[in-house]
$ cat final-v3.cif   # mmCIF, C-alpha atoms
data_start
loop_
_atom_site.group_PDB
_atom_site.id
_atom_site.type_symbol
_atom_site.label_atom_id
_atom_site.label_comp_id
_atom_site.auth_asym_id
_atom_site.auth_seq_id
_atom_site.Cartn_x
_atom_site.Cartn_y
_atom_site.Cartn_z
ATOM 1 C CA MET A 1 -19.682 56.431 -333.899
ATOM 2 C CA ILE A 2 -17.019 55.666 -331.288
ATOM 3 C CA ARG A 3 -15.454 52.235 -331.591
ATOM 4 C CA ARG A 4 -13.904 50.675 -328.524
ATOM 5 C CA ILE A 5 -11.174 48.142 -329.268
ATOM 6 C CA VAL A 6 -9.784 46.037 -326.425
ATOM 7 C CA VAL A 7 -6.266 44.661 -326.948
ATOM 8 C CA ALA A 8 -5.239 42.041 -324.385
ATOM 9 C CA ILE A 9 -1.522 42.357 -323.747
ATOM 10 C CA ASP A 10 0.994 40.379 -321.769
ATOM 11 C CA GLU A 11 4.791 40.363 -321.839
ATOM 12 C CA SER A 12 4.843 38.277 -325.020
ATOM 13 C CA GLU A 13 6.008 39.367 -328.447
ATOM 14 C CA GLU A 14 2.781 37.930 -329.782
ATOM 15 C CA SER A 15 0.585 40.358 -327.890
ATOM 16 C CA MET A 16 2.707 43.229 -329.215
ATOM 17 C CA ASN A 17 2.116 41.881 -332.721
ATOM 18 C CA ALA A 18 -1.598 41.910 -331.961
ATOM 19 C CA LEU A 19 -1.362 45.562 -330.977
ATOM 20 C CA SER A 20 0.641 46.410 -334.110
ATOM 21 C CA TRP A 21 -1.917 44.655 -336.296
ATOM 22 C CA CYS A 22 -4.686 46.561 -334.586
ATOM 23 C CA LEU A 23 -3.022 49.947 -335.122
ATOM 24 C CA ASP A 24 -2.070 49.075 -338.677
ATOM 25 C CA SER A 25 -5.245 47.401 -339.914
ATOM 26 C CA LEU A 26 -8.166 47.991 -337.628
ATOM 27 C CA VAL A 27 -8.043 51.560 -336.396
ATOM 28 C CA PHE A 28 -10.045 53.804 -338.727
ATOM 29 C CA GLN A 29 -7.289 55.359 -340.748
ATOM 30 C CA ASP A 30 -9.416 58.290 -341.839
ATOM 31 C CA LYS A 31 -11.163 58.913 -338.538
ATOM 32 C CA PRO A 32 -8.679 58.091 -335.766
ATOM 33 C CA GLY A 33 -10.751 60.180 -333.322
ATOM 34 C CA ASN A 34 -13.530 57.598 -333.570
ATOM 35 C CA ASN A 35 -11.433 54.904 -331.929
ATOM 36 C CA VAL A 36 -10.729 54.201 -328.291
ATOM 37 C CA LEU A 37 -7.959 51.689 -327.707
ATOM 38 C CA VAL A 38 -8.120 49.832 -324.407
ATOM 39 C CA LEU A 39 -4.878 48.108 -323.375
ATOM 40 C CA LEU A 40 -5.779 45.334 -320.956
ATOM 41 C CA TYR A 41 -3.192 43.502 -318.885
ATOM 42 C CA VAL A 42 -4.241 40.724 -316.532
ATOM 43 C CA LYS A 43 -2.231 39.938 -313.422
ATOM 44 C CA PRO A 44 -2.475 36.510 -311.870
ATOM 45 C CA PRO A 45 -4.798 36.115 -308.856
ATOM 46 C CA PRO A 46 -3.530 37.200 -305.410
ATOM 47 C CA PRO A 47 -0.765 34.902 -304.091
ATOM 48 C CA ILE A 48 -2.629 33.942 -300.931
ATOM 49 C CA TYR A 49 -4.981 31.847 -303.036
ATOM 50 C CA SER A 50 -2.603 30.501 -305.607
ATOM 51 C CA PHE A 51 0.909 30.057 -304.316
ATOM 52 C CA PHE A 52 0.566 26.774 -302.474
ATOM 53 C CA ASP A 53 2.986 24.252 -303.856
ATOM 54 C CA ALA A 54 2.349 20.533 -304.265
ATOM 55 C CA ALA A 55 3.049 19.894 -300.567
ATOM 56 C CA GLU A 56 0.610 22.667 -299.604
ATOM 57 C CA TYR A 57 3.496 24.732 -298.327
ATOM 58 C CA LEU A 58 2.617 28.419 -298.179
ATOM 59 C CA PHE A 59 5.298 30.820 -299.384
ATOM 60 C CA SER A 60 6.684 33.066 -296.663
ATOM 61 C CA GLY A 61 5.651 36.725 -296.590
ATOM 62 C CA ASP A 62 8.941 37.748 -298.212
ATOM 63 C CA ALA A 63 8.477 35.388 -301.141
ATOM 64 C CA VAL A 64 4.908 36.594 -301.625
ATOM 65 C CA ALA A 65 6.049 40.224 -301.592
ATOM 66 C CA ALA A 66 8.850 39.427 -304.060
ATOM 67 C CA MET A 67 6.438 37.744 -306.437
ATOM 68 C CA GLU A 68 3.958 40.594 -306.104
ATOM 69 C CA LYS A 69 6.746 43.030 -306.933
ATOM 70 C CA TYR A 70 7.741 40.881 -309.908
ATOM 71 C CA GLY A 71 4.100 40.884 -311.066
ATOM 72 C CA THR A 72 3.939 44.669 -310.849
ATOM 73 C CA GLU A 73 7.178 44.962 -312.814
ATOM 74 C CA LEU A 74 5.709 42.732 -315.518
ATOM 75 C CA VAL A 75 2.678 45.025 -315.794
ATOM 76 C CA HIS A 76 4.899 48.083 -316.200
ATOM 77 C CA SER A 77 7.159 46.304 -318.629
ATOM 78 C CA ALA A 78 4.233 45.154 -320.802
ATOM 79 C CA MET A 79 2.524 48.548 -320.696
ATOM 80 C CA ASP A 80 5.820 50.299 -321.545
ATOM 81 C CA ARG A 81 6.360 48.004 -324.524
ATOM 82 C CA ALA A 82 2.781 48.566 -325.664
ATOM 83 C CA GLU A 83 3.301 52.336 -325.438
ATOM 84 C CA ALA A 84 6.449 52.030 -327.553
ATOM 85 C CA VAL A 85 4.511 50.055 -330.171
ATOM 86 C CA TYR A 86 1.773 52.702 -330.133
ATOM 87 C CA ARG A 87 4.291 55.524 -330.506
ATOM 88 C CA SER A 88 5.874 53.797 -333.506
ATOM 89 C CA PHE A 89 2.620 54.429 -335.415
ATOM 90 C CA SER A 90 1.690 57.897 -336.559
ATOM 91 C CA THR A 91 -2.016 57.478 -335.748
ATOM 92 C CA ARG A 92 -3.036 59.239 -332.536
ATOM 93 C CA ILE A 93 -6.099 57.858 -330.773
ATOM 94 C CA GLU A 94 -7.474 57.794 -327.255
ATOM 95 C CA VAL A 95 -5.726 55.080 -325.234
ATOM 96 C CA GLU A 96 -6.978 53.645 -321.944
ATOM 97 C CA ARG A 97 -4.897 51.357 -319.742
ATOM 98 C CA LEU A 98 -6.571 48.695 -317.654
ATOM 99 C CA VAL A 99 -4.967 46.202 -315.296
ATOM 100 C CA GLY A 100 -7.189 43.325 -314.264
ATOM 101 C CA ARG A 101 -6.535 40.557 -311.803
ATOM 102 C CA GLY A 102 -7.557 36.920 -311.925
ATOM 103 C CA ASP A 103 -7.843 34.204 -314.512
ATOM 104 C CA PRO A 104 -6.969 35.995 -317.785
ATOM 105 C CA LYS A 105 -9.734 34.353 -319.804
ATOM 106 C CA ASP A 106 -12.422 35.359 -317.310
ATOM 107 C CA VAL A 107 -11.063 38.869 -316.824
ATOM 108 C CA ILE A 108 -10.765 39.473 -320.581
ATOM 109 C CA CYS A 109 -14.309 38.242 -321.303
ATOM 110 C CA HIS A 110 -15.739 40.194 -318.387
ATOM 111 C CA THR A 111 -13.954 43.397 -319.450
ATOM 112 C CA VAL A 112 -15.118 43.096 -323.055
ATOM 113 C CA LYS A 113 -18.696 42.688 -321.852
ATOM 114 C CA LYS A 114 -18.513 45.461 -319.273
ATOM 115 C CA LEU A 115 -17.001 47.980 -321.711
ATOM 116 C CA LYS A 116 -19.370 46.878 -324.484
ATOM 117 C CA ALA A 117 -16.251 46.584 -326.641
ATOM 118 C CA ASP A 118 -16.685 46.478 -330.399
ATOM 119 C CA THR A 119 -13.692 44.254 -331.037
ATOM 120 C CA LEU A 120 -11.286 42.157 -328.984
ATOM 121 C CA VAL A 121 -7.751 41.725 -330.324
ATOM 122 C CA MET A 122 -5.336 39.276 -328.746
ATOM 123 C CA GLY A 123 -2.393 37.005 -329.378
ATOM 124 C CA SER A 124 -3.105 33.315 -329.715
ATOM 125 C CA HIS A 125 -1.092 32.983 -326.484
ATOM 126 C CA GLY A 126 1.188 30.251 -327.513
ATOM 127 C CA TYR A 127 3.762 32.370 -325.696
ATOM 128 C CA GLY A 128 4.040 34.464 -322.570
ATOM 129 C CA PHE A 129 2.570 34.330 -319.116
ATOM 130 C CA MET A 130 -0.875 33.203 -320.177
ATOM 131 C CA LYS A 131 0.499 30.114 -321.856
ATOM 132 C CA ARG A 132 2.768 29.154 -318.988
ATOM 133 C CA ALA A 133 0.333 29.781 -316.184
ATOM 134 C CA LEU A 134 -2.772 28.107 -317.474
ATOM 135 C CA LEU A 135 -3.978 24.987 -319.118
ATOM 136 C CA GLY A 136 -5.936 25.504 -322.311
ATOM 137 C CA SER A 137 -5.935 28.421 -324.671
ATOM 138 C CA VAL A 138 -7.057 31.820 -323.456
ATOM 139 C CA SER A 139 -7.787 33.029 -326.978
ATOM 140 C CA GLU A 140 -9.828 29.919 -327.769
ATOM 141 C CA HIS A 141 -11.975 30.457 -324.694
ATOM 142 C CA CYS A 142 -12.457 34.165 -325.402
ATOM 143 C CA ALA A 143 -13.292 33.553 -329.067
ATOM 144 C CA LYS A 144 -16.095 31.270 -327.915
ATOM 145 C CA LYS A 145 -17.340 33.383 -325.069
ATOM 146 C CA VAL A 146 -17.345 37.041 -326.093
ATOM 147 C CA LYS A 147 -20.086 38.316 -328.350
ATOM 148 C CA CYS A 148 -18.125 40.888 -330.347
ATOM 149 C CA PRO A 149 -15.715 40.022 -333.174
ATOM 150 C CA VAL A 150 -12.446 38.533 -331.910
ATOM 151 C CA VAL A 151 -9.139 38.893 -333.736
ATOM 152 C CA ILE A 152 -6.455 36.309 -332.987
ATOM 153 C CA VAL A 153 -2.948 37.312 -334.021
ATOM 154 C CA LYS A 154 -0.033 34.887 -334.186
ATOM 155 C CA HIS A 155 3.638 35.296 -333.450
ATOM 156 C CA GLN A 156 5.238 37.047 -336.421
ATOM 157 C CA ASP A 157 7.908 34.387 -336.946
ATOM 158 C CA ASP A 158 5.137 31.904 -337.656
ATOM 159 C CA GLN A 159 3.792 33.835 -340.628
ATOM 160 C CA HIS A 160 4.292 32.651 -344.207
ATOM 161 C CA MET B 1 0.932 47.539 -350.120
ATOM 162 C CA ILE B 2 -1.899 45.287 -351.298
ATOM 163 C CA ARG B 3 -3.758 43.508 -348.533
ATOM 164 C CA ARG B 4 -5.585 40.294 -349.357
ATOM 165 C CA ILE B 5 -8.487 39.541 -347.038
ATOM 166 C CA VAL B 6 -10.186 36.140 -347.271
ATOM 167 C CA VAL B 7 -13.782 36.012 -346.021
ATOM 168 C CA ALA B 8 -15.156 32.479 -345.667
ATOM 169 C CA ILE B 9 -18.859 32.536 -346.462
ATOM 170 C CA ASP B 10 -21.633 29.988 -346.301
ATOM 171 C CA GLU B 11 -25.402 30.384 -346.391
ATOM 172 C CA SER B 12 -25.501 31.551 -342.771
ATOM 173 C CA GLU B 13 -26.413 34.997 -341.500
ATOM 174 C CA GLU B 14 -23.264 34.825 -339.410
ATOM 175 C CA SER B 15 -20.942 34.677 -342.384
ATOM 176 C CA MET B 16 -22.744 37.690 -343.878
ATOM 177 C CA ASN B 17 -22.104 39.515 -340.580
ATOM 178 C CA ALA B 18 -18.453 38.587 -340.928
ATOM 179 C CA LEU B 19 -18.399 40.140 -344.395
ATOM 180 C CA SER B 20 -20.168 43.282 -343.149
ATOM 181 C CA TRP B 21 -17.695 43.628 -340.300
ATOM 182 C CA CYS B 22 -14.838 43.255 -342.732
ATOM 183 C CA LEU B 23 -16.153 45.940 -345.077
ATOM 184 C CA ASP B 24 -17.025 48.225 -342.194
ATOM 185 C CA SER B 25 -13.962 47.852 -339.983
ATOM 186 C CA LEU B 26 -11.114 46.181 -341.750
ATOM 187 C CA VAL B 27 -10.967 47.475 -345.293
ATOM 188 C CA PHE B 28 -8.659 50.495 -345.439
ATOM 189 C CA GLN B 29 -11.183 53.316 -345.481
ATOM 190 C CA ASP B 30 -8.713 55.782 -346.922
ATOM 191 C CA LYS B 31 -7.084 53.470 -349.445
ATOM 192 C CA PRO B 32 -9.769 51.050 -350.669
ATOM 193 C CA GLY B 33 -7.632 50.292 -353.729
ATOM 194 C CA ASN B 34 -5.094 48.597 -351.485
ATOM 195 C CA ASN B 35 -7.505 45.824 -350.544
ATOM 196 C CA VAL B 36 -8.426 42.633 -352.349
ATOM 197 C CA LEU B 37 -11.446 40.864 -350.901
ATOM 198 C CA VAL B 38 -11.585 37.122 -351.561
ATOM 199 C CA LEU B 39 -15.009 35.538 -351.014
ATOM 200 C CA LEU B 40 -14.474 31.846 -350.359
ATOM 201 C CA TYR B 41 -17.308 29.324 -350.363
ATOM 202 C CA VAL B 42 -16.625 25.666 -349.659
ATOM 203 C CA LYS B 43 -18.852 22.956 -351.099
ATOM 204 C CA PRO B 44 -18.996 19.569 -349.398
ATOM 205 C CA PRO B 45 -16.887 16.776 -350.897
ATOM 206 C CA PRO B 46 -18.256 14.886 -353.954
ATOM 207 C CA PRO B 47 -21.261 12.679 -353.105
ATOM 208 C CA ILE B 48 -19.627 9.482 -354.336
ATOM 209 C CA TYR B 49 -17.332 9.566 -351.314
ATOM 210 C CA SER B 50 -19.663 10.902 -348.693
ATOM 211 C CA PHE B 51 -23.276 10.002 -349.272
ATOM 212 C CA PHE B 52 -23.365 6.479 -347.931
ATOM 213 C CA ASP B 53 -25.962 6.187 -345.234
ATOM 214 C CA ALA B 54 -25.683 4.020 -342.127
ATOM 215 C CA ALA B 55 -26.636 0.889 -344.051
ATOM 216 C CA GLU B 56 -23.950 1.656 -346.662
ATOM 217 C CA TYR B 57 -26.638 2.267 -349.203
ATOM 218 C CA LEU B 58 -25.374 4.380 -352.096
ATOM 219 C CA PHE B 59 -27.772 7.083 -353.281
ATOM 220 C CA SER B 60 -29.086 6.544 -356.786
ATOM 221 C CA GLY B 61 -27.714 8.715 -359.582
ATOM 222 C CA ASP B 62 -30.839 10.894 -359.467
ATOM 223 C CA ALA B 63 -30.434 11.612 -355.780
ATOM 224 C CA VAL B 64 -26.756 12.426 -356.260
ATOM 225 C CA ALA B 65 -27.563 14.791 -359.116
ATOM 226 C CA ALA B 66 -30.311 16.434 -357.044
ATOM 227 C CA MET B 67 -27.954 16.980 -354.133
ATOM 228 C CA GLU B 68 -25.260 18.294 -356.450
ATOM 229 C CA LYS B 69 -27.772 20.724 -357.919
ATOM 230 C CA TYR B 70 -28.825 21.753 -354.420
ATOM 231 C CA GLY B 71 -25.158 22.321 -353.549
ATOM 232 C CA THR B 72 -24.661 24.512 -356.621
ATOM 233 C CA GLU B 73 -27.769 26.507 -355.735
ATOM 234 C CA LEU B 74 -26.380 27.071 -352.245
ATOM 235 C CA VAL B 75 -23.153 28.451 -353.729
ATOM 236 C CA HIS B 76 -25.075 30.872 -355.918
ATOM 237 C CA SER B 77 -27.376 31.857 -353.099
ATOM 238 C CA ALA B 78 -24.456 32.537 -350.718
ATOM 239 C CA MET B 79 -22.467 34.427 -353.360
ATOM 240 C CA ASP B 80 -25.551 36.495 -354.289
ATOM 241 C CA ARG B 81 -26.149 37.401 -350.666
ATOM 242 C CA ALA B 82 -22.488 38.307 -350.237
ATOM 243 C CA GLU B 83 -22.685 40.559 -353.312
ATOM 244 C CA ALA B 84 -25.741 42.280 -351.857
ATOM 245 C CA VAL B 85 -23.872 42.879 -348.596
ATOM 246 C CA TYR B 86 -20.916 44.263 -350.552
ATOM 247 C CA ARG B 87 -23.167 46.573 -352.600
ATOM 248 C CA SER B 88 -24.744 47.935 -349.418
ATOM 249 C CA PHE B 89 -21.367 49.504 -348.587
ATOM 250 C CA SER B 90 -20.068 52.498 -350.491
ATOM 251 C CA THR B 91 -16.453 51.261 -350.518
ATOM 252 C CA ARG B 92 -15.422 49.768 -353.854
ATOM 253 C CA ILE B 93 -12.584 47.276 -353.797
ATOM 254 C CA GLU B 94 -11.393 44.387 -355.918
ATOM 255 C CA VAL B 95 -13.456 41.274 -355.193
ATOM 256 C CA GLU B 96 -12.488 37.715 -356.117
ATOM 257 C CA ARG B 97 -14.867 34.766 -355.829
ATOM 258 C CA LEU B 98 -13.531 31.326 -355.019
ATOM 259 C CA VAL B 99 -15.457 28.072 -354.645
ATOM 260 C CA GLY B 100 -13.579 25.261 -352.972
ATOM 261 C CA ARG B 101 -14.591 21.685 -352.412
ATOM 262 C CA GLY B 102 -13.883 19.423 -349.465
ATOM 263 C CA ASP B 103 -13.747 19.683 -345.711
ATOM 264 C CA PRO B 104 -14.289 23.426 -345.087
ATOM 265 C CA LYS B 105 -11.597 23.704 -342.415
ATOM 266 C CA ASP B 106 -8.950 22.144 -344.646
ATOM 267 C CA VAL B 107 -10.000 24.088 -347.738
ATOM 268 C CA ILE B 108 -10.064 27.403 -345.845
ATOM 269 C CA CYS B 109 -6.626 26.874 -344.273
ATOM 270 C CA HIS B 110 -5.162 25.707 -347.570
ATOM 271 C CA THR B 111 -6.582 28.695 -349.455
ATOM 272 C CA VAL B 112 -5.293 31.192 -346.893
ATOM 273 C CA LYS B 113 -1.831 29.691 -347.162
ATOM 274 C CA LYS B 114 -1.865 29.453 -350.956
ATOM 275 C CA LEU B 115 -3.038 33.040 -351.430
ATOM 276 C CA LYS B 116 -0.655 34.283 -348.714
ATOM 277 C CA ALA B 117 -3.689 36.055 -347.272
ATOM 278 C CA ASP B 118 -3.100 38.858 -344.796
ATOM 279 C CA THR B 119 -6.249 38.231 -342.806
ATOM 280 C CA LEU B 120 -8.934 35.544 -342.586
ATOM 281 C CA VAL B 121 -12.427 36.651 -341.560
ATOM 282 C CA MET B 122 -15.122 34.110 -340.772
ATOM 283 C CA GLY B 123 -18.232 33.480 -338.742
ATOM 284 C CA SER B 124 -17.854 31.353 -335.627
ATOM 285 C CA HIS B 125 -20.030 28.846 -337.492
ATOM 286 C CA GLY B 126 -22.499 28.164 -334.814
ATOM 287 C CA TYR B 127 -24.924 28.242 -337.726
ATOM 288 C CA GLY B 128 -25.143 27.175 -341.334
ATOM 289 C CA PHE B 129 -23.840 24.271 -343.313
ATOM 290 C CA MET B 130 -20.458 24.071 -341.648
ATOM 291 C CA LYS B 131 -22.027 23.609 -338.228
ATOM 292 C CA ARG B 132 -24.514 20.998 -339.361
ATOM 293 C CA ALA B 133 -22.175 18.982 -341.517
ATOM 294 C CA LEU B 134 -19.180 18.634 -339.264
ATOM 295 C CA LEU B 135 -18.171 17.838 -335.764
ATOM 296 C CA GLY B 136 -16.045 20.470 -334.084
ATOM 297 C CA SER B 137 -15.701 24.109 -334.898
ATOM 298 C CA VAL B 138 -14.320 25.192 -338.249
ATOM 299 C CA SER B 139 -13.339 28.603 -336.945
ATOM 300 C CA GLU B 140 -11.552 27.096 -333.934
ATOM 301 C CA HIS B 141 -9.512 24.836 -336.207
ATOM 302 C CA CYS B 142 -8.649 27.654 -338.626
ATOM 303 C CA ALA B 143 -7.713 30.033 -335.792
ATOM 304 C CA LYS B 144 -5.193 27.463 -334.626
ATOM 305 C CA LYS B 145 -3.885 26.458 -338.009
ATOM 306 C CA VAL B 146 -3.490 29.538 -340.184
ATOM 307 C CA LYS B 147 -0.545 31.846 -339.616
ATOM 308 C CA CYS B 148 -2.181 35.182 -340.440
ATOM 309 C CA PRO B 149 -4.530 37.035 -338.080
ATOM 310 C CA VAL B 150 -7.984 35.432 -337.885
ATOM 311 C CA VAL B 151 -11.150 37.382 -337.152
ATOM 312 C CA ILE B 152 -14.097 35.435 -335.757
ATOM 313 C CA VAL B 153 -17.442 37.191 -336.016
ATOM 314 C CA LYS B 154 -20.568 36.089 -334.175
ATOM 315 C CA HIS B 155 -24.210 36.125 -335.092
ATOM 316 C CA GLN B 156 -25.485 39.682 -334.631
ATOM 317 C CA ASP B 157 -28.381 38.685 -332.345
ATOM 318 C CA ASP B 158 -25.843 37.374 -329.859
ATOM 319 C CA GLN B 159 -24.157 40.735 -329.389
ATOM 320 C CA HIS B 160 -24.604 42.758 -326.193
#
$ encode --input "final-v3.cif" --output "structure tokens"
Amino acid sequence: MIRRIVVAIDESEESMNALSWCLDSLVFQDKPGNNVLVLLYVKPPPPIYSFFDAAEYLFSGDAVAAMEKYGTELVHSAMDRAEAVYRSFSTRIEVERLVGRGDPKDVICHTVKKLKADTLVMGSHGYGFMKRALLGSVSEHCAKKVKCPVVIVKHQDDQH
Amino acid sequence: MIRRIVVAIDESEESMNALSWCLDSLVFQDKPGNNVLVLLYVKPPPPIYSFFDAAEYLFSGDAVAAMEKYGTELVHSAMDRAEAVYRSFSTRIEVERLVGRGDPKDVICHTVKKLKADTLVMGSHGYGFMKRALLGSVSEHCAKKVKCPVVIVKHQDDQH
């Protein structure tokens, strides 16, 4: 039986802890081949829709391009960190990388449903992009919405 | 390294799913001896404090005793069901049974902290005593409050 585990990552330490926990505790230790790990990063929605400021001033093309570039760098940075976390474990499993775009909570829930994931693992998102960009908790929303088991992992410094 | 996993159970199907998921996915398959499974059931607070009705009428001693007895039967029933779920798996690990008393969300969080649990597994509590007896979601509260990773498992019928 193949088990598909989605780990939602962002640039936060917390999401890397979630990935570590997953590799340490959740991946079948005896049958690593039975696991598929899906690393999911969600970029914010396209700037044309979201980058109006309070005075409804639209960023110039240059600013939009700069922010797009910054967004792409964040994806690479998060994926690179996730790869480093993965490599620090001896278990070798199939890893898929997915980059979604939009409201993280909607994209995560939609992806879990579409992939028929067996488990969703994520940080509580008290940190990182998802916290700063959005009101309300992404993990709280996903825990309510998705049908499969959801694992919420906290920032390591917070632990006992 | 010994890993202590707390599974919060009540009389609901959902909490039995949470236990199944835990035994199936979380318990170290290759090193079952490294896991301690703590089954935690929370009874409602003593009737003397809680069983006033709207007219502030205090239940007679007989009614209190009957409800106490009913509460004790629920504990046994939930623990028996949990044991049956455990026996349906081939993995043999150390199992501890704990019965707490009070507001489930407080008792669960307190127990996790006191035991320095590594993981808390629970149903989302859309069903069962915890849903009926309390406003707000127990799992939501615990996911916010406890420091260790929290796994929230849904009712099986809800899955894709």
$ atom_distance --input "final-v3.cif" --atom1 "atom CA of Pro45 of chain A" --atom2 "atom CA of Gly123 of chain A"
20.7 Å
$ closest_residue --input "final-v3.cif" --among "B:Leu98, B:Ala82, B:Cys148, B:Thr119" --to "Glu13 of chain B" --atoms "all atoms listed in the file"
B:Ala82
$ resolve_selection --input "final-v3.cif" --expression "the PyMOL selection byres ((chain A and resi 116) around 10)" --output "mmCIF file with C-alpha atoms, in the frame of the given file"
data_model
loop_
_atom_site.group_PDB
_atom_site.id
_atom_site.type_symbol
_atom_site.label_atom_id
_atom_site.label_comp_id
_atom_site.auth_asym_id
_atom_site.auth_seq_id
_atom_site.Cartn_x
_atom_site.Cartn_y
_atom_site.Cartn_z
ATOM 1 C CA ARG A 3 -15.454 52.235 -331.591
ATOM 2 C CA ARG A 4 -13.904 50.675 -328.524
ATOM 3 C CA ILE A 5 -11.174 48.142 -329.268
ATOM 4 C CA VAL A 6 -9.784 46.037 -326.425
ATOM 5 C CA HIS A 110 -15.739 40.194 -318.387
ATOM 6 C CA THR A 111 -13.954 43.397 -319.450
ATOM 7 C CA VAL A 112 -15.118 43.096 -323.055
ATOM 8 C CA LYS A 113 -18.696 42.688 -321.852
ATOM 9 C CA LYS A 114 -18.513 45.461 -319.273
ATOM 10 C CA LEU A 115 -17.001 47.980 -321.711
ATOM 11 C CA ALA A 117 -16.251 46.584 -326.641
ATOM 12 C CA ASP A 118 -16.685 46.478 -330.399
ATOM 13 C CA THR A 119 -13.692 44.254 -331.037
ATOM 14 C CA LYS A 147 -20.086 38.316 -328.350
ATOM 15 C CA CYS A 148 -18.125 40.888 -330.347
ATOM 16 C CA GLN B 159 -24.157 40.735 -329.389
ATOM 17 C CA HIS B 160 -24.604 42.758 -326.193
#
$ closest_residue --input "final-v3.cif" --among "A:Met1, A:Val99, A:Glu94, A:Leu23" --to "Tyr41 of chain A" --atoms "only C-alpha atoms"
A:Val99
$ residues_near_point --input "final-v3.cif" --point "(-2.8, 46.2, -340.6)" --cutoff "12 Å" --atoms "all atoms listed in the file" --output "PyMOL selection string"
(chain A and resi 17-29+89+151+153) or (chain B and resi 1-5+25-28+34-35+118-119+148-149)
$ closest_residue --input "final-v3.cif" --among "A:Glu140, A:Glu14, A:Asp80, A:Glu96" --to "chain B" --atoms "all atoms listed in the file"
A:Glu140
$ resolve_selection --input "final-v3.cif" --expression "the PyMOL selection byres ((chain A and resi 7) around 7)" --output "list in words"
Ile5, Val6, Ala8, Ile9, Leu19, Val38, Leu39, Leu40, Leu120, Val121 and Met122 of chain A
$ closest_residue --input "final-v3.cif" --among "A:Arg97, A:Arg87, A:Lys69, A:Lys31" --to "chain B" --atoms "all atoms listed in the file"
A:Lys31
$ atom_distance --input "final-v3.cif" --atom1 "atom CA of Asp103 of chain B" --atom2 "atom CA of Pro44 of chain B"
6.4 Å
$ closest_residue --input "final-v3.cif" --among "B:Ser15, B:Ser77, B:Ser124, B:Thr91" --to "chain A" --atoms "all atoms listed in the file"
B:Ser124
$ closest_residue --input "final-v3.cif" --among "A:Val95, A:Ala66, A:Val107, A:Val150" --to "chain B" --atoms "all atoms listed in the file"
A:Val150
$ atom_distance --input "final-v3.cif" --atom1 "atom CA of Ser139 of chain B" --atom2 "atom CA of Met16 of chain A"
23.0 Å
$ residues_near_point --input "final-v3.cif" --point "(-5.3, 23.8, -341.0)" --cutoff "7 Å" --atoms "only C-alpha atoms" --output "CSV table (one decimal) with C-alpha atoms, in the frame of the given file"
chain,number,residue,atom,x,y,z
B,105,LYS,CA,-11.6,23.7,-342.4
B,106,ASP,CA,-9.0,22.1,-344.6
B,109,CYS,CA,-6.6,26.9,-344.3
B,110,HIS,CA,-5.2,25.7,-347.6
B,141,HIS,CA,-9.5,24.8,-336.2
B,142,CYS,CA,-8.6,27.7,-338.6
B,145,LYS,CA,-3.9,26.5,-338.0
B,146,VAL,CA,-3.5,29.5,-340.2
